[in-house]
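Undergrad: What follows is a structure written as structure tokens; I'll ask about it next.
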Amino acid sequence: MAYQIVEGCVNCWACAPLCPSQAIYEAKPHFLIDAVLCTECAGEHPDPQCASICPIEGVILDSLGVPLNPPGSLTGIPPERLAAARAEIQAR
């Protein structure tokens with residue numbers, strides 16, 4: 001199975017050069033992963049290289065649709081706390 005890049009990708013180019021199978025390519029509106037080329041870094045790296053460098057939480061999904069860097073994983077802010085803070089700010 002292959003990983004997938006979804007909406008939310010900001011086309012920062014961080015992941016493309018790190019992909020050992022050269023499966024990531026520029027597309028509109030965001031980068032994509034070629035499912036035929038993607039090896040999920042199996043046997044090459046202990047962690048997916050694309051997700052290890054991606055600065056945006058939740059945009060690279062595994063074959064089950066689960067984010068490889070889920071919300072809160074990069075910021076350390078639990079999603080429920082972030083949602084509460086946003087609601088508080090909008091209420092002002």
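Chain labels follow the order of the structure tokens: the first chain is A, the next B, and so on; residue numbering restarts at 1 in every chain, and ligands are counted from 1 in their shown order.
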Could you pull out the residues in segment 11-57 of chain A that DSSP calls helix (DSSP H, G or I) from the backbone, as a list in words?

TA: Ala16, Pro17, Leu18, Gln49, Cys50, Ala51, Ser52 and Ile53 of chain A

Undergrad: Selection from above, N, CA, C and O atoms, as a CSV table (one decimal), in the first residue's frame, can you write it?

TA:
```
chain,number,residue,atom,x,y,z
A,16,ALA,N,9.6,15.9,-0.8
A,16,ALA,CA,10.0,15.3,-2.1
A,16,ALA,C,11.5,14.9,-2.1
A,16,ALA,O,11.8,13.8,-2.6
A,17,PRO,N,12.4,15.7,-1.7
A,17,PRO,CA,13.8,15.3,-1.8
A,17,PRO,C,14.2,14.1,-0.9
A,17,PRO,O,15.1,13.4,-1.1
A,18,LEU,N,13.4,13.9,0.2
A,18,LEU,CA,13.7,12.9,1.1
A,18,LEU,C,13.2,11.5,0.7
A,18,LEU,O,13.6,10.5,1.3
A,49,GLN,N,10.0,8.7,5.7
A,49,GLN,CA,10.8,9.9,5.5
A,49,GLN,C,9.9,11.2,5.2
A,49,GLN,O,10.1,12.2,5.7
A,50,CYS,N,8.8,11.0,4.5
A,50,CYS,CA,7.9,12.1,4.2
A,50,CYS,C,7.3,12.7,5.4
A,50,CYS,O,7.3,13.9,5.6
A,51,ALA,N,6.8,11.8,6.3
A,51,ALA,CA,6.1,12.2,7.5
A,51,ALA,C,7.1,12.8,8.5
A,51,ALA,O,6.8,13.6,9.3
A,52,SER,N,8.4,12.2,8.5
A,52,SER,CA,9.4,12.7,9.5
A,52,SER,C,9.8,14.1,9.2
A,52,SER,O,10.2,14.8,10.2
A,53,ILE,N,9.6,14.7,8.0
A,53,ILE,CA,10.0,16.0,7.7
A,53,ILE,C,8.8,17.0,7.5
A,53,ILE,O,9.0,18.2,7.6
```

Undergrad: When you look at Val59 of chain A with a cut-off of 12 Å (counting only C-alpha atoms), what residues show up, excluding the ones that are within fewer than 2 positions of it in the same chain? I need them as an MDAnalysis selection string.

TA: chainID A and resid 3:11 15 30:33 50:57 61:62 65:71

Undergrad: As a CSV table (one decimal) with C-alpha atoms, in the first residue's frame, please: the residues near Glu40 of chain A (cut-off 10 Å, only C-alpha atoms, same-chain neighbours under 4 positions excluded).

TA:
```
chain,number,residue,atom,x,y,z
A,1,MET,CA,0.0,0.0,0.0
A,2,ALA,CA,1.1,3.6,-0.5
A,3,TYR,CA,1.0,6.7,1.6
A,19,CYS,CA,11.6,10.2,-0.5
A,20,PRO,CA,13.9,7.3,-1.2
A,21,SER,CA,11.6,5.9,-4.0
A,23,ALA,CA,7.3,8.7,-5.3
A,35,ALA,CA,1.1,4.7,-5.3
A,44,GLU,CA,15.0,1.4,3.9
A,45,HIS,CA,14.2,3.6,6.9
A,46,PRO,CA,12.6,2.9,10.3
A,47,ASP,CA,10.2,5.9,9.9
A,48,PRO,CA,8.5,7.2,6.8
A,49,GLN,CA,10.8,9.9,5.5
A,50,CYS,CA,7.9,12.1,4.2
A,62,ASP,CA,-1.1,5.7,5.8
A,63,SER,CA,-2.9,3.1,3.7
```
